Structure formats: structure tokens, C-alpha cells
Amino acid sequence: MVIGLSPKNQLSLYFHIPFCKKKCDYCHFYVVPDKEEFKQLLLTGLQQEWLHWANKIETYDLTSIYFGGGTPSLFGPQRISQIIQWVQEIFPFKNSPPEITLEANPENITIEMMRAYKDAGINRVSIGVQSLNNSELIVLSRQHNAHAAIQAIIDTHAAGIDNISIDLMYDLPSQTAASWHNTLNQIQKLPITHLSLYNLTIEPHTVFHKFKEKLTPSIPCEDMSLDMYKTAIASLHDIGLVQYEISAFAKNGLHSLHNTGYWTGRSFIGLGPSAYSFWKGERFKNISNIHKYAKLLSEGDSPVDYYDELSIDDRRKELFIVALRLLNGCNYNEFKTRYGCLDQESNTTLNRLVRNGLITCKNDCHYALSEQGLLLYDYIASELI
């Protein structure tokens with residue numbers, strides 16, 4: 001499936017639901033304890049923020065809704081249903097709903113819960129599996145074991161939700177080639193349609209960062225990491241999960257419509273504390289504090305506390321670099337029509353990367369990562385930026 005730049009009138013919605021039973025030691029996202037009082041505070045804030053946006057976006061075509069976190073499945077089907085109903089008042093879609101994704105953790109999933117979420121309007125679920133090796137799950141401080149993760153996938157499918165994505169991680173402390181093979185082998189017969197693959201990065205303000213010096217020696221070396229990535233690509237391809245982006249694999253063309261928007265320049269509105277938006281060429285972020293978020297909205301003020309101040313040239317380069325993450329690449333003629341030309345320095349670098357075999361160029365306008373470039377994306381991005 002060829003994926004081009006998103007049409008200008010397309011829009012995605014992201015709702016940040018920050019509740020967690022326990023924050024994982026590697027996690028750098030904004031989360032809060034799973035308390036009932038916080039849930040009502042958030043719901044009120046989300047409704048006020050939605051009312052702020054509703055009349056500004058009503059002329060757009062809604063492509064996707066994504067409930068991320070945190071653990072959005074802790075918010076409850078009734079509240080998720082309320083939010084979907086707000087959206088439907090602006091974007092009626094009963095007969096042809098957009099992709100509506102809910103993130104969930106295995107330990108919270110039951111058939112009954114997933115049936116309730118399906119009835120609420122959820123048609124895609126993303127499950128935070130991370131590993132199917134129990135010792136690695138303990139290292140990650142996950143609250144489930146491998147059996148619970150497998151059962152969660154089976155239960156979600158049994159509840160009538162056919163579009164199921166899972167997350168897997170590699171580059172984990174003490175992870176081996178054998179344990180990675182074990183995880184990849186166990187997913188072969190599971191009813192999943194999509195997989196997102198992440199290598200562990202140790203971020204500031206996490207428990208892992210606090211113990212970075214101690215953890216680093218046990219993390220796979222660069223060569224082993226590369227082998228794990230290659231192994232995953234081959235193994236997933238064998239079971240019909242075809243790579244369409246550096247970290248994303250799908251069966252039967254069921255790529256993530258929501259995430260694809262991030263790579264193709266689609267406008268998106270993020271609601272909730274710490275949520276990012278990309279709107280009319282500007283990127284901005286809500287305050288990462290549920291109490292301040294709710295207070296600002298109750299007083300009629302904006303919860304935004306950060307605006308990205310990239311120059312037009314830098315924003316253009318960023319959009320081009322992100323578009324290269326897709327395996328089918330980017331049509332530069334289409335890109336120029338939408339955003340304008342890259343600066344001379346970037347064009348010179350781009351031509352050098354083509355000569356060096358890291359990027360391919362077809363018909364003098366269609367750029368894509370080569371097989372080697374796919375493995376060196378971070379280097380390519382740093383060169384172009």
C-alpha cells in the first residue's frame with residue numbers, strides 16, 4: 001500500500017488518559033495514580049477543552065481517534081463512550097466510523113471489559129505486551145506475565161475486536177538472542193493485525209535513568225541490537241506482518257491510520273494533560289499537570305504551556321525526515337507543493353546520502369530509505385537536520 005502526504009482537510013484526535021496502576025521504571029510519559037477523583041477531574045477538563053476546539057475543526061474530515069496514556073482502559077467504557085459521543089455531535093460517523101484506538105495493558109483486560117469498549121465504539125486496541133519473557137517483564141516492572149499477555153490478546157479478539165496491535169521492545173537489560181526469538185515465536189499464532197517495535201531508550205526523569213550506569217553494561221551492544229531488529233523484520237514478515245514504517249508492521253494493509261498521520265503531516269489535536277497538537281503548521285503541548293490543566297480550563301484559559309518555535313525551514317526539514325520513516329518514502333514534488341523546497345544545504349546532504357546508497361531516488365523526485373538506510377535512520381536524520 002502506497003502512503004502519501006495526508007490531505008489538508010484530514011484530522012486526527014488524540015486524548016491523553018494518564019492513569020496507571022504503577023508507572024513502569026522506563027516510562028517517561030506523564031501519568032497519575034488511578035484514582036476516581038482524578039477521573040472526574042479529567043473528564044470535566046476534556047469536555048471543556050473539546051468545546052474549545054469543536055467549532056474550529058468541524059469542517060475537517062475525521063480520520064482517527066486515539067486514546068493513549070497512561071492506561072486509557074482504566075478510564076472505563078462509560079467515560080470513553082461519552083467522549084466518542086461528543087465527537088459524533090461534530091463528526092457523525094455511526095455508519096462509517098473512523099479508526100478508534102484504545103491503549104490497554106494485559107493485566108486489566110477481560111472479555112467483558114473489551115465487549116463493553118466495543119459497544120462504546122472502540123474498533124482497534126493496542127496492547128502493551130513489550131515482551132513474552134517473564135524475566136524481562138520483571139526488569140521492565142510490568143504488572144503482567146507472558147501468559148497474561150497472550151490471554152489478553154485472545155480475550156480481546158474473543159470480545160469481537162478484530163483489529164489488535166501489540167507493542168514489543170528490544171535492547172532490554174540482559175535480553176539475549178534466544179529470549180528475543182522466544183518472544184517472536186510466541187506471537188506467530190496470535191490474532192494480531194499490527195505490531196509496533198521499539199528499542200529501549202533510557203529517558204531522563206525515569207527510574208532507569210537513575211540507574212543508567214548500572215544498567216548500561218547489560219543492554220545489548222549495537223551489533224546485537226541490529227541483529228535483533230533484522231531478526232524481527234524477517235520473523236514478522238513470515239507471519240504476514242509486513243513492515244510499512246521503521247517501527248511498524250501490519251497484516252492485510254491494516255496499518256495504523258492514526259500513527260500514519262504523524263508521518264504524513266496530518267493535523268491532529270491532542271486533548272488532556274501533556275497532549276501535543278499539530279495544527280496549522282504549529283506544534284504545541286498542554287501542561288503536564290492534571291490539576292493545573294483542569295483549573296486553567298475551568299477559568300476559561302488555555303491549558304497550552306509550550307509552543308515549538310522551529311523556523312519554517314527547520315519545520316520543513318522535520319516533516320521531510322519524518323516522512324522518510326515510511327518504507328515507500330516521500331514524493332518530493334508533492335512535498336514541495338505542500339510545504340515548499342528544502343534549503344540548499346539539505347538538498348546537498350540529500351544528494352550525498354543518495355550517492356552513498358542510504359537513500360534511493362526514483363524518477364528524480366521519489367526519495368526512500370534504502371535497505372541499508374533503514375538500519376541507519378537516526379544517522380540520516382541527524383545529517384539532514
# chains A, B, ... in the order shown; residues from 1 in each chain; ligands from 1

call {"tool": "residues_around", "arguments": {"residues": "segment 231-243 of chain A", "least_positions_apart": "3", "cutoff": "7 Å", "atoms": "only C-alpha atoms", "output": "NGL selection string"}}
result
:A and (184 or 188 or 194 or 227-228 or 248-251)

call {"tool": "write_last_selection", "arguments": {"atoms": "N, CA and C atoms", "output": "tab-separated table (two decimals), in the first residue's frame"}}
result
chain	number	residue	atom	x	y	z
A	184	LEU	N	9.32	-13.65	19.74
A	184	LEU	CA	8.84	-13.61	18.35
A	184	LEU	C	8.11	-14.90	17.97
A	188	GLN	N	3.39	-15.92	16.85
A	188	GLN	CA	3.10	-16.38	15.49
A	188	GLN	C	1.65	-16.78	15.27
A	194	HIS	N	-1.41	-5.98	13.80
A	194	HIS	CA	-0.43	-4.89	13.75
A	194	HIS	C	0.56	-5.05	14.90
A	227	ASP	N	21.09	-6.98	14.95
A	227	ASP	CA	20.67	-8.35	14.63
A	227	ASP	C	19.25	-8.62	15.11
A	228	MET	N	18.90	-8.10	16.29
A	228	MET	CA	17.55	-8.28	16.82
A	228	MET	C	16.52	-7.62	15.90
A	248	ALA	N	6.92	-0.19	12.43
A	248	ALA	CA	5.52	-0.62	12.36
A	248	ALA	C	5.31	-1.70	11.30
A	249	PHE	N	4.49	-2.69	11.64
A	249	PHE	CA	4.23	-3.86	10.79
A	249	PHE	C	2.73	-4.14	10.80
A	250	ALA	N	2.19	-4.51	9.64
A	250	ALA	CA	0.74	-4.73	9.58
A	250	ALA	C	0.40	-5.91	8.68
A	251	LYS	N	-0.71	-6.57	9.00
A	251	LYS	CA	-1.28	-7.62	8.16
A	251	LYS	C	-2.39	-7.03	7.29

call {"tool": "closest_atom_pairs", "arguments": {"of": "segment 140-255 of chain A", "to": "segment 362-384 of chain A", "cutoff": "10 Å", "atoms": "only C-alpha atoms", "output": "Markdown table"}}
result
| residue | atom | partner | partner_atom | distance |
| --- | --- | --- | --- | --- |
| A:Leu226 | CA | A:Leu375 | CA | 7.5 |
| A:Tyr229 | CA | A:Leu375 | CA | 8.5 |
| A:Lys230 | CA | A:Leu375 | CA | 8.7 |
| A:Glu245 | CA | A:Leu374 | CA | 9.3 |
| A:Ile246 | CA | A:Leu374 | CA | 6.9 |

call {"tool": "residues_around", "arguments": {"residues": "Asn145 of chain A", "least_positions_apart": "5", "cutoff": "9 Å", "atoms": "only C-alpha atoms", "output": "ChimeraX atom specification"}}
result
/A:106-107,131-135,137-138,150

call {"tool": "closest_residue", "arguments": {"among": "A:Tyr26, A:Ser96, A:Gln85, A:Pro77", "to": "Asn199 of chain A", "atoms": "only C-alpha atoms"}}
result
A:Tyr26

call {"tool": "closest_atom_pairs", "arguments": {"of": "segment 84-104 of chain A", "to": "segment 59-65 of chain A", "cutoff": "8 Å", "atoms": "only C-alpha atoms", "output": "Markdown table"}}
result
| residue | atom | partner | partner_atom | distance |
| --- | --- | --- | --- | --- |
| A:Phe91 | CA | A:Leu62 | CA | 7.0 |
| A:Pro98 | CA | A:Ser64 | CA | 5.1 |
| A:Glu99 | CA | A:Ser64 | CA | 4.7 |
| A:Ile100 | CA | A:Ile65 | CA | 4.7 |
| A:Thr101 | CA | A:Ile65 | CA | 6.3 |

call {"tool": "write_last_selection", "arguments": {"atoms": "C-alpha atoms", "output": "PDB file, in the first residue's frame"}}
result
ATOM      1  CA  PHE A  91     -18.480  14.332  13.120  1.00  0.00           C
ATOM      2  CA  PRO A  98     -13.119   6.345  11.851  1.00  0.00           C
ATOM      3  CA  GLU A  99     -10.375   4.203  13.342  1.00  0.00           C
ATOM      4  CA  ILE A 100     -10.870   4.459  17.131  1.00  0.00           C
ATOM      5  CA  THR A 101      -7.979   3.007  19.135  1.00  0.00           C
TER       6      THR A 101
END

call {"tool": "closest_residue", "arguments": {"among": "A:Gln186, A:Gln78, A:Ser126, A:Ser274", "to": "Val32 of chain A", "atoms": "only C-alpha atoms"}}
result
A:Ser274
